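**Q** First, the structure itself, so that you have it in front of you.
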Amino acid sequence: MNRYRTYIAAVLVLCVLVGIGLFSSRFVLYLTMRVMILSIFAMGYNILFGRTGLLSFGHAAFYAVGAYGTALCSMHLHTHPLLVILAGAAAAALFAVIIGFFCVRHTEIYFAMLTLAFGMLVFSLMWNWRTVTGGDDGLSGIVRGSISLGFFAIPIMKDSQYYFFVLFCFAVSVLLIHRIYQSPFGLILAGIRENHIRTEFAGLGVKRYRLAAFVVSGTFAGLAGSLGLLLESNVTPFAAHWSHSAEPVLVSLMGGLETFSGPIVGSVLFVVLRELIERFTHNWMLWFGLILLAIIMGFRGGVVGATSVLLKRFSERP
Amino acid sequence: MDKPGITRRDFVKMGLLTAAASALGSGVMKPVGLWAAAPKIKGPIKVGYQAVLSGTLAGYGEFHKMGAIMAMEEINAAGGIAGNKLEVEIRDSTLAAPASIQNVRYFVDSWEADLLAGVDSSGQALAVAPVVGQLDRVLMVTHAATERLTEEEVFKKGIKQVFRICTPTYQDGNAAAFVAKDLPATTWATINPKYEYGFTTWKMFQETLGKLKPGVKFVADSWAPFGTTDFRPHINTIMDAKPEGLYSVVWAGELITMIKQAKQAGLFDTIKHVLLPVGAAMDVLEGLGPDMPDNLWISGRYFFLYPDTAKNKEWVAAFKKRWNHYPAYVSETAYSTMYAFKKAIETAGSKETAPVIQALEGMELDSPAGHRVFRKEDHQAMYEVPWGLTATDPKYPFKIMGKQIVIPAKECFNRPPFEGPGTTPPFKS
Amino acid sequence: MESFVHVCLAGISAGMFIWLVASGLTLIFGVLRVLNFAHGSFYMLGAYLCYTCLRFLGIDFWLGVIVGPLAVCVVGYVMERFLLRRVYDLELPYQLLLTFSMVLIFDELVKIIWGAGSIGSPSVPGLSGSLMIAGRNFPVYNLFIMIVGPLVAVGLWAFLERSWWGKIIRAAASDREMAAAIGVKVPSLYTAVFVIGAWLSAVGGALAVPYVGLLTTGMGEAIIINAFVVVVIGGLGSLKGAFLGALFIGLLSSFGTRYIPTLDMSLTFILMGVVLLWRPQGFFAGVDR
């Protein structure tokens, strides 16, 4: 029963997204793409945060590495979208292996601070390595090539075409992450969050699993960075800044930490709320802060978590 | 037990999505092509303006706003643009490239702006240029100074939709070298921002001064990252090198801090020749007040006491009356942008992008900052901003420009095709 | 040589500011176990309120240094009593998010009240001069800051180690339940500690007014990351560690800018990474006990 509902929900969301892709104006397309890319970023992030219980403050580094990797690849090698995205995600994975190797030795606040330090090192690397990264101006004007598949090619130049490519990547990511959560690997990660000592006693190398979670989530961040770069055709070092690392944290917490759809709902809220607030005030930070405050105090445990608890209680009433 | 919970959750999710889509989708299903058919200008003329309204540099955004709104009020009071009302919407650019792209897309695709303006940082300008080209709207840059915008994006890549009304880095690098060549100093050093703006201006200054005055030496450079609040280590570096001249494009609040700390360290007692290309910004002059030392060379993108014309004086007086402030340079560029748009649209008889571009290319504009010409090749506005020595004037609670020098834009702005000999100053003819 | 001396002096005085902010952050983290992102906002509010006393109320600077931070204490009280207290049972990230949303709100409120533009601050009478040290001018005010920092450190130490209140705070820090069991009103104690922490940060902000010479709405964020780094390398919750850490960070950035300028943006983070990998309990963990 439960499973059917999940499928129905997924199909409905997919229909809505396809509908937006077919009938919406360019701005709605653009915002929806932003939402989907942020969702990939946040869902990947949540493998580490919600599932494994590790709060990273440097995940923007992998987003940025993905974006720069994609940009450099399409500027100097080839513009085939699949190739450049693969390059971006691979670069992010590589960085995640190296940085993760050091970071997973610690947990809690030490882990958070360590990831912050590494994230900011990546930021200053991108800022200072001017000949390759373009310094603070970043890299701009990156063109989206066509997806050529031997005898025919799918153009993604236009936003309305690229939208479906992003939607495809989003759907695949959701499926993949869903599979990861259902797999033994995902269950072990949850075990680590609940009690890492007991997991260790069960004969599992906790550090190795943490590292694996770190790399997987870093790779999704890189994928989001690649897609973001192709959308904006531009990247600057601020993509790696700690303030950008705060975004997936914010989104996950807004939506609900230990829920699957939390990061997606959080992304919708984050992007749409900001856009709407900006339409009636220049003091958007004040209103955004107040809404955040209301979400923390009112929906304890995020919007999705709190809503489902509420609905559950409601339905249990005779 | 989960039954109703899950369906209702889906329902909420769906509701959110559709609400979002309908709230944002004001552009859905509108016949876009209809406007194009009518030859006459129809409906209000909408200008989407973005400037930084949050964070450390939010003061600049306020000054942008004052200039833009004042021009809008004036133009509408005088009958609008070709009989149509001018509408300006202002959005926060937050100095971040993604935000500036989202703003531009919002303006064009959702708010249906006819023209775009603003943009503070160079990174943002370079990020927005290709998007503006794709969306096909004219963008008038009012603050970002990077020469790459006009040289590469407009001239080389042919993004004809982008124009710039403020002075570019040429004013900060090349013109400063023209001022420096007549000073007795032969050794120069810099404390510059540790980002592209700082790197390019110092390079330009060195190259041009090296050509104008062979034998001049550059003895030290110290680079201050964005957000520096303690300049003492940088000041120590410079004082150790004992140069005769100091060059610095550190700007806004950081310049205030740097000057105060340099003064405390006695830097101005040992280094007599100081060039501050953005020192004549109003926030700096007002922020320092009497703490600004006398006899430093300052300049900007506009200074309210230049040119000494009736038009400028009237404007400054009107501005003071409207906002109780002296106009900052971004106020002038924002203000003049609206008049540039007005003139271009009225000349073209249309608010469509292509005819407006055609009208703007080579257009002359009488503005508070003086006579501007939009150079056809790279869409850069050519006009003069003076360099001057800080001086005390009992009429003002801050320092103003005393002795002034004007380096003609023709002499110090790089020339197309921007590559090869004869494209950088000094020019033969 | 004269440069060396001055780079040292600049480093020490910069470190003392970070210390004033980091001391409150350490105290709050040590007792409440909350990482307060809004701590930089207290610094900013302290500065703006002190400036207001100075500029509009006509009070002199020293009175401003006292009045401004006291007003911030009220803000701190409200924030702890009515907001933070309700999320102690939630996970750490939610507390962090709450303080983060407060940063947004405080920044915007300051912009609405004092205007968006940066404000140049007037200099302090009596302390605006310079002394000739090693052949170069050094501001008297910076020397003053170099005395205030250690004084605050000694005062805090005496308060925590010698006073009755200090003993209770330490007791609550090491075991919340036990302290409650022997009759300590833990919630009120938490409020008190939070207010003291806010006060320390605000004093730092007020004293920074003539030092930085500038007030901006983003000034809190500029210092909070450095303060975080100090708290971490000092060994989370250790005041002595934070003091030495702040001094070290100040000197490191000063020397870094002068002698290894290519690394100046990353030095503090390299240091933090190395400390966390090498001695996660804190660089100066040994000195505490």
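For the structure tokens, the naming scheme is as follows: chains receive sequential letters (A, B, ...) according to their order of presentation, residues are indexed from 1 within each chain, and ligands are indexed from 1 in presentation order.
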Provide as a list in words the residues of chain C at most 7 Å from chain A, counting only C-alpha atoms.

**A**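 Every residue meeting the condition is included here: Leu98, Ser101, Met102, Leu104, Ile105, Glu108, Met265, Ser266, Phe269, Ile270, Met272, Gly273 and Leu276 of chain C.
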
**Q** Pull out every residue of chain C sitting within 8 Å of chain B, counting only C-alpha atoms, and send them as a ChimeraX atom specification.

**A** /C:3,6-7,10,14,107-108,115-121,129-130,136-139,212-214,216-219,222,254-255,257-258,261,265

**Q** Would you mind exporting the chosen residues as a short mmCIF file (atom, residue, chain, number, x, y, z; two decimals), in the first residue's frame, restricted to N, CA and C atoms?

**A**
```
data_model
loop_
_atom_site.label_atom_id
_atom_site.label_comp_id
_atom_site.auth_asym_id
_atom_site.auth_seq_id
_atom_site.Cartn_x
_atom_site.Cartn_y
_atom_site.Cartn_z
N SER C 3 59.97 47.04 10.94
CA SER C 3 58.79 46.38 10.40
C SER C 3 58.40 45.19 11.26
N HIS C 6 56.60 46.20 14.28
CA HIS C 6 55.25 46.70 13.99
C HIS C 6 54.31 45.60 13.52
N VAL C 7 54.86 44.63 12.80
CA VAL C 7 54.02 43.51 12.41
C VAL C 7 53.56 42.75 13.65
N ALA C 10 50.88 44.94 15.40
CA ALA C 10 49.62 44.88 14.65
C ALA C 10 48.93 43.55 14.89
N ALA C 14 45.29 43.06 16.73
CA ALA C 14 44.21 42.42 15.98
C ALA C 14 43.70 41.19 16.73
N ASP C 107 21.03 41.90 10.78
CA ASP C 107 21.66 42.68 9.71
C ASP C 107 20.67 43.64 9.08
N GLU C 108 19.49 43.10 8.81
CA GLU C 108 18.50 43.93 8.12
C GLU C 108 17.96 45.02 9.05
N GLY C 115 20.58 52.89 8.43
CA GLY C 115 20.87 53.18 7.04
C GLY C 115 21.84 52.17 6.46
N ALA C 116 21.81 52.03 5.14
CA ALA C 116 22.58 50.98 4.49
C ALA C 116 24.05 51.34 4.33
N GLY C 117 24.33 52.61 4.27
CA GLY C 117 25.69 53.04 3.97
C GLY C 117 26.63 52.76 5.13
N SER C 118 27.93 52.59 4.81
CA SER C 118 28.88 52.42 5.89
C SER C 118 29.10 53.78 6.56
N ILE C 119 29.40 53.74 7.85
CA ILE C 119 29.52 54.97 8.62
C ILE C 119 30.96 55.10 9.11
N GLY C 120 31.57 56.21 8.81
CA GLY C 120 32.90 56.48 9.35
C GLY C 120 32.75 56.98 10.77
N SER C 121 33.55 56.43 11.68
CA SER C 121 33.36 56.80 13.08
C SER C 121 34.33 57.91 13.48
N GLY C 129 46.13 59.87 19.43
CA GLY C 129 47.51 60.16 19.05
C GLY C 129 48.31 58.92 18.72
N SER C 130 49.55 59.11 18.39
CA SER C 130 50.42 58.00 18.08
C SER C 130 51.71 58.11 18.90
N ARG C 136 58.75 54.17 14.12
CA ARG C 136 57.54 54.34 13.33
C ARG C 136 56.37 54.61 14.26
N ASN C 137 55.38 55.37 13.78
CA ASN C 137 54.25 55.70 14.61
C ASN C 137 53.40 54.48 14.92
N PHE C 138 52.93 54.39 16.15
CA PHE C 138 51.97 53.35 16.49
C PHE C 138 50.84 53.98 17.29
N PRO C 139 49.59 53.72 16.91
CA PRO C 139 48.47 54.41 17.57
C PRO C 139 48.36 54.03 19.05
N VAL C 212 38.68 50.11 13.82
CA VAL C 212 38.45 49.86 12.39
C VAL C 212 38.08 51.17 11.69
N GLY C 213 37.45 52.07 12.46
CA GLY C 213 37.13 53.38 11.91
C GLY C 213 35.91 53.36 11.01
N LEU C 214 35.14 52.26 11.05
CA LEU C 214 34.06 52.11 10.09
C LEU C 214 33.01 51.16 10.62
N THR C 216 29.77 48.86 9.32
CA THR C 216 29.01 48.38 8.18
C THR C 216 28.09 47.26 8.64
N THR C 217 27.03 47.02 7.87
CA THR C 217 26.07 46.00 8.27
C THR C 217 26.67 44.60 8.19
N GLY C 218 27.74 44.42 7.44
CA GLY C 218 28.31 43.09 7.32
C GLY C 218 29.45 42.83 8.29
N MET C 219 29.70 43.79 9.21
CA MET C 219 30.91 43.69 10.02
C MET C 219 30.91 42.48 10.96
N ALA C 222 32.27 39.32 9.19
CA ALA C 222 33.71 39.37 8.92
C ALA C 222 34.50 38.78 10.08
N SER C 254 48.91 38.64 10.61
CA SER C 254 49.77 39.80 10.42
C SER C 254 51.09 39.40 9.74
N PHE C 255 51.72 38.35 10.25
CA PHE C 255 52.97 37.89 9.64
C PHE C 255 52.73 37.30 8.26
N THR C 257 50.46 38.15 6.05
CA THR C 257 50.28 39.22 5.08
C THR C 257 51.62 39.85 4.71
N ARG C 258 52.49 39.96 5.72
CA ARG C 258 53.77 40.63 5.48
C ARG C 258 54.76 39.72 4.77
N PRO C 261 52.54 36.55 1.50
CA PRO C 261 51.27 37.11 1.05
C PRO C 261 50.45 36.18 0.17
N MET C 265 45.01 34.37 2.45
CA MET C 265 43.58 34.07 2.57
C MET C 265 43.32 32.70 3.19
#
```

**Q** Which chain A residues are at most 8 Å from chain B (counting only C-alpha atoms), as a VMD selection string?

**A** chain A and resid 2 5 to 6 9 12 to 13 16 20 23 to 28 127 135 to 138 140 to 141 232 to 236 238 265 268 272 278 282 304 307 to 308 311 to 312 315 to 316

**Q** Show which residues sit within 7 Å of Cys8 (chain C), as a PyMOL selection string. Count only C-alpha atoms, and ignore same-chain residues fewer than 4 positions away.

**A** chain C and resi 4+12+251

**Q** Save out the residues we just selected, C-alpha atoms, as a PDB file, in the first residue's frame.

**A**
```pdb
ATOM      1  CA  PHE C   4      59.145  43.220  12.457  1.00  0.00           C
ATOM      2  CA  ILE C  12      48.713  41.363  18.871  1.00  0.00           C
ATOM      3  CA  LEU C 251      49.986  37.240  14.781  1.00  0.00           C
TER       4      LEU C 251
END
```

**Q** Would you work out the distance separating CA of Trp129 (chain A) from CA of Ala112 (chain A), expressed in Å to one decimal?

**A**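 Computing the Euclidean distance for CA of Trp129 (chain A) and CA of Ala112 (chain A) yields 25.7 Å.
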
**Q** Among region 26-254 of chain C, which ones does DSSP place in helix (DSSP H, G or I), written as a VMD selection string?

**A** chain C and resid 26 to 32 39 to 55 61 to 82 84 to 87 92 to 114 140 to 162 164 to 174 176 to 181 186 to 212 219 to 233 239 to 254

**Q** May I ask which of the residues C:Leu160, C:Leu239, C:Ala206, C:Leu189 is the closest one to Val67 (chain C), counting only C-alpha atoms?

**A** C:Ala206
